[in-house]
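Data block below; observations after.
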Amino acid sequence: MIWAIIIFGLLILVHEAGHFAAARWAGITVLEFSIGMGPALWSTERGGTRYSLRLLPIGGYVKMDGEDPDQETPPDLPPRGTRRFNEVSLGRRAVVLSAGALMNLFCALLVMLALTAGSEFLVSTQVAELRAGNVSGQAGLAPGDRILRVDGRRIHIADDIVYAILGAGEAPVTMLVERAGQRVQLEGVEFPVQNGRFQPDFACYRLQKTLPRVLHEGLFRCVGLVREIYLSLFGMLTGQYGLEDLSGPVGATQAISEASKDGFGTLVSFAVFISINLGIFNLLPFPALDGGRLLFLLIEKLRGRALKPEVEGLFNLVGFALLMLLVAAVTFRDVANLFRGAA
C-alpha cells in the first residue's frame, strides 16, 4: 500500500507540475496547486498561489485564473503577464493543457533510460541460438538471422519481438529476417505454448552497452509500451477486451504490491508503465480529460469562437460522471476479485 501511495503521489506531482510550469511560462496566474483531493491537510500561500496537500491521494489539480469565465480575479494577486487562462492565445492554452501528460511521458522516458543504463547488458534482435525443443526452426528461423519485422510490425529492439509474438495469440506469425545480407520472409512461424500463449524459443546475442545503444534501447522500450497501450485501447473499442480486462486503483495497488516483491527495478519499471498510461489516458479526446479540453480548443479554432461555457461545462460534467462510474465499476470488480482470491 505504501509503495502505491508513493508512486501515485509522485505521478500526480509530476503531472500537475507540468501544468503549473506551463501556466507560469504562459503568464497565467495560478490560484492553487493541489496534490490530492478533498479536505486540505496542509496549505500555504506564496506569490499569489496556494499550495495544498489534500486527504485523498486520487488526483490533483492546478487552478488557474480565468479557467471559469464567470470567476472574478482576486484583487490582491500580483500581475503575471496576461494572467487569465481564457485570455491567452489558443496555442498557449494548448501547451498548458497538454503539459501535464507530456511531463508524465517525458519523465517515464528519463527513468526508462536510467533503468536501461543500469542494466547488466542489452539484447540485440539477431538470433544467437535456437533453444532445445524449438518449433520456430521448422519454419526456417536460423541462428544469425536478424529479425526485421513480425506480422508487418517493424522490430527495433528485442522487446518488440516479444510484444509481436504475444500479440498474435496462438496464430503463427510471418517474419522478415536479414540473412547474409539478404532479406528472407518466413511464413507460418510457430512457437511453443506456455500458459496458453506462444513464447519465443530462441535466444538473441547480447550487446555491449554504449551511450547510443542505451538511448536507442530506452527510447524504443517506451515507444513499445505506448504502442501496446494504444493497441489495448483499440481492442477495448472493438470489443476484443471487456470490462474484466480493466484494472482500477485497487487492482493497480495490488499490482504495485506484487511488483515490489520482485525487486526495486521491477517496481520502477511498473511505475514507468503507469506513468505512460496516465499520460496517454489524459490525452484522449474525452470530456473532463486534458484531451477533451484540447478538443474544445480545436472546436474553438475551427468555429472562430469558443463554445458557451455552460455547454462545455455540461460536457465535462457528463464526462466526469461517466469516468467516475467506470472507476467505481472497475474498483468494485477489483475488490470482489480480492475477496474471491482470499476465500
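The way I read the labels, and the way they are meant: chains A, B, ... in the order of the C-alpha cells, residue 1 as the first residue of every chain, and ligand 1 as the first ligand shown, with later ones counted on from there.
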
Practice prompt. Mind checking which residues fall within 8 Å of A:Glu67, counting only C-alpha atoms, ignoring those fewer than 5 positions away in the same chain, and posting them as a list in words?
Written response: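 Within the cut-off, the hits are Arg84, Phe85 and Asn86 of chain A.
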
What lies within 12 Å of A:His216 using only C-alpha atoms, ignoring chain neighbours under 3 positions off, as a PDB file with C-alpha atoms, in the first residue's frame?
```
ATOM      1  CA  LEU A 109      11.430   8.224 -20.748  1.00  0.00           C
ATOM      2  CA  MET A 112      13.492   4.190 -18.566  1.00  0.00           C
ATOM      3  CA  LEU A 113      16.825   5.489 -19.857  1.00  0.00           C
ATOM      4  CA  THR A 116      18.437   0.776 -19.317  1.00  0.00           C
ATOM      5  CA  ALA A 117      21.774   2.336 -18.395  1.00  0.00           C
ATOM      6  CA  LEU A 122      21.361  -5.202 -23.756  1.00  0.00           C
ATOM      7  CA  VAL A 123      19.813  -7.752 -26.081  1.00  0.00           C
ATOM      8  CA  SER A 124      20.025  -7.500 -29.869  1.00  0.00           C
ATOM      9  CA  HIS A 156      13.597  -2.057 -33.235  1.00  0.00           C
ATOM     10  CA  ILE A 157      14.597  -3.891 -30.047  1.00  0.00           C
ATOM     11  CA  ALA A 158      14.223  -7.374 -28.585  1.00  0.00           C
ATOM     12  CA  LYS A 209      26.367  -1.113 -23.572  1.00  0.00           C
ATOM     13  CA  THR A 210      27.276   2.157 -25.265  1.00  0.00           C
ATOM     14  CA  LEU A 211      25.598   5.548 -24.922  1.00  0.00           C
ATOM     15  CA  PRO A 212      23.938   5.403 -28.394  1.00  0.00           C
ATOM     16  CA  ARG A 213      22.654   1.872 -27.707  1.00  0.00           C
ATOM     17  CA  LEU A 219      13.544   5.212 -26.296  1.00  0.00           C
ATOM     18  CA  PHE A 220      12.094   2.181 -28.064  1.00  0.00           C
ATOM     19  CA  ARG A 221      11.178   0.472 -24.793  1.00  0.00           C
ATOM     20  CA  CYS A 222       8.941   3.474 -24.153  1.00  0.00           C
ATOM     21  CA  VAL A 223       7.699   3.520 -27.745  1.00  0.00           C
ATOM     22  CA  GLY A 224       6.832  -0.171 -27.418  1.00  0.00           C
TER      23      GLY A 224
END
```

*asked:* I need the residues of stretch 152-243 of chain A that end up classed as helix (DSSP H, G or I) by DSSP on the backbone, written out as a ChimeraX atom specification.
replied: /A:158-167,211-237,243

Between A:Ala26, A:Met64, A:Ile58, A:Leu176, single out the one closest to A:Gly38, counting only C-alpha atoms.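 So, comparing all the options, the nearest one is A:Ile58.
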
For stretch 98-209 of chain A versus stretch 260-276 of chain A, which residues have an atom no more than 12 Å away, and what is each residue's nearest atom pair and distance in Å rounded to one decimal, using only C-alpha atoms, chain-then-number order, as CSV?
```
residue,atom,partner,partner_atom,distance
A:Gly100,CA,A:Ser275,CA,10.9
A:Ala101,CA,A:Ile276,CA,8.5
A:Leu102,CA,A:Ile276,CA,9.2
A:Met103,CA,A:Ser275,CA,9.3
A:Asn104,CA,A:Ser275,CA,5.5
A:Leu105,CA,A:Ile276,CA,5.3
A:Phe106,CA,A:Ile276,CA,8.8
A:Cys107,CA,A:Ser275,CA,8.1
A:Ala108,CA,A:Val272,CA,5.0
A:Leu109,CA,A:Val272,CA,7.9
A:Leu110,CA,A:Val272,CA,9.4
A:Val111,CA,A:Val272,CA,7.1
A:Met112,CA,A:Val272,CA,7.0
A:Leu113,CA,A:Val272,CA,10.6
A:Ala114,CA,A:Val268,CA,10.4
A:Leu115,CA,A:Gly265,CA,7.4
A:Thr116,CA,A:Ser269,CA,10.2
A:Gly118,CA,A:Gly265,CA,9.5
A:Ser119,CA,A:Gly265,CA,9.4
```

Go ahead and dump the residues you just picked, C-alpha atoms, as a PDB file, in the first residue's frame.
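selection36.pdb written:
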```
ATOM      1  CA  GLY A 100       0.796  17.500 -17.617  1.00  0.00           C
ATOM      2  CA  ALA A 101       0.504  14.418 -19.809  1.00  0.00           C
ATOM      3  CA  LEU A 102       3.666  15.285 -21.722  1.00  0.00           C
ATOM      4  CA  MET A 103       5.555  15.638 -18.435  1.00  0.00           C
ATOM      5  CA  ASN A 104       4.416  12.135 -17.422  1.00  0.00           C
ATOM      6  CA  LEU A 105       5.668  10.761 -20.744  1.00  0.00           C
ATOM      7  CA  PHE A 106       8.949  12.687 -20.576  1.00  0.00           C
ATOM      8  CA  CYS A 107       9.719  11.590 -17.021  1.00  0.00           C
ATOM      9  CA  ALA A 108       8.862   7.996 -17.943  1.00  0.00           C
ATOM     10  CA  LEU A 109      11.430   8.224 -20.748  1.00  0.00           C
ATOM     11  CA  LEU A 110      14.100   9.610 -18.402  1.00  0.00           C
ATOM     12  CA  VAL A 111      13.512   6.841 -15.842  1.00  0.00           C
ATOM     13  CA  MET A 112      13.492   4.190 -18.566  1.00  0.00           C
ATOM     14  CA  LEU A 113      16.825   5.489 -19.857  1.00  0.00           C
ATOM     15  CA  ALA A 114      18.218   5.269 -16.326  1.00  0.00           C
ATOM     16  CA  LEU A 115      16.941   1.695 -15.953  1.00  0.00           C
ATOM     17  CA  THR A 116      18.437   0.776 -19.317  1.00  0.00           C
ATOM     18  CA  GLY A 118      21.775   0.367 -15.146  1.00  0.00           C
ATOM     19  CA  SER A 119      21.011  -2.995 -16.768  1.00  0.00           C
TER      20      SER A 119
END
```

TODO: Using only C-alpha atoms, find the one residue out of A:Gly91, A:Pro143, A:Pro39, A:Gly60 that sits nearest to A:Ala22.
DONE: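 When distances to A:Ala22 are compared using only C-alpha atoms, the smallest one comes from A:Gly91.
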
- request: Apply DSSP to the backbone of this structure and, from stretch 112-318 of chain A, keep only the residues in strand (DSSP E); write these as a count of residues only.
  value: 41

Write out as a PDB file with C-alpha atoms, in the first residue's frame each polymer residue whose atoms come within 10 Å of A:Thr125, counting only C-alpha atoms; drop sequence neighbours fewer than 6 positions from it.
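Okay, selection12.pdb is ready:
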```
ATOM      1  CA  GLY A 144      22.414 -15.435 -37.415  1.00  0.00           C
ATOM      2  CA  ASP A 145      19.022 -14.160 -38.628  1.00  0.00           C
ATOM      3  CA  ARG A 146      18.369 -10.515 -37.743  1.00  0.00           C
ATOM      4  CA  ILE A 147      14.624 -10.106 -37.199  1.00  0.00           C
ATOM      5  CA  LEU A 148      13.307  -7.048 -39.041  1.00  0.00           C
ATOM      6  CA  ILE A 155      11.292  -4.560 -34.933  1.00  0.00           C
ATOM      7  CA  HIS A 156      13.597  -2.057 -33.235  1.00  0.00           C
ATOM      8  CA  ILE A 157      14.597  -3.891 -30.047  1.00  0.00           C
ATOM      9  CA  ALA A 158      14.223  -7.374 -28.585  1.00  0.00           C
ATOM     10  CA  ASP A 159      11.119  -6.362 -26.588  1.00  0.00           C
ATOM     11  CA  ASP A 160       9.325  -5.666 -29.892  1.00  0.00           C
ATOM     12  CA  ILE A 161       9.761  -9.316 -30.877  1.00  0.00           C
ATOM     13  CA  VAL A 177      14.668 -11.520 -41.416  1.00  0.00           C
ATOM     14  CA  ALA A 203      17.968 -16.515 -27.739  1.00  0.00           C
ATOM     15  CA  CYS A 204      19.473 -13.355 -29.210  1.00  0.00           C
ATOM     16  CA  TYR A 205      23.000 -12.031 -28.962  1.00  0.00           C
ATOM     17  CA  ARG A 206      23.901  -9.747 -26.088  1.00  0.00           C
ATOM     18  CA  LEU A 207      25.213  -6.270 -26.846  1.00  0.00           C
TER      19      LEU A 207
END
```
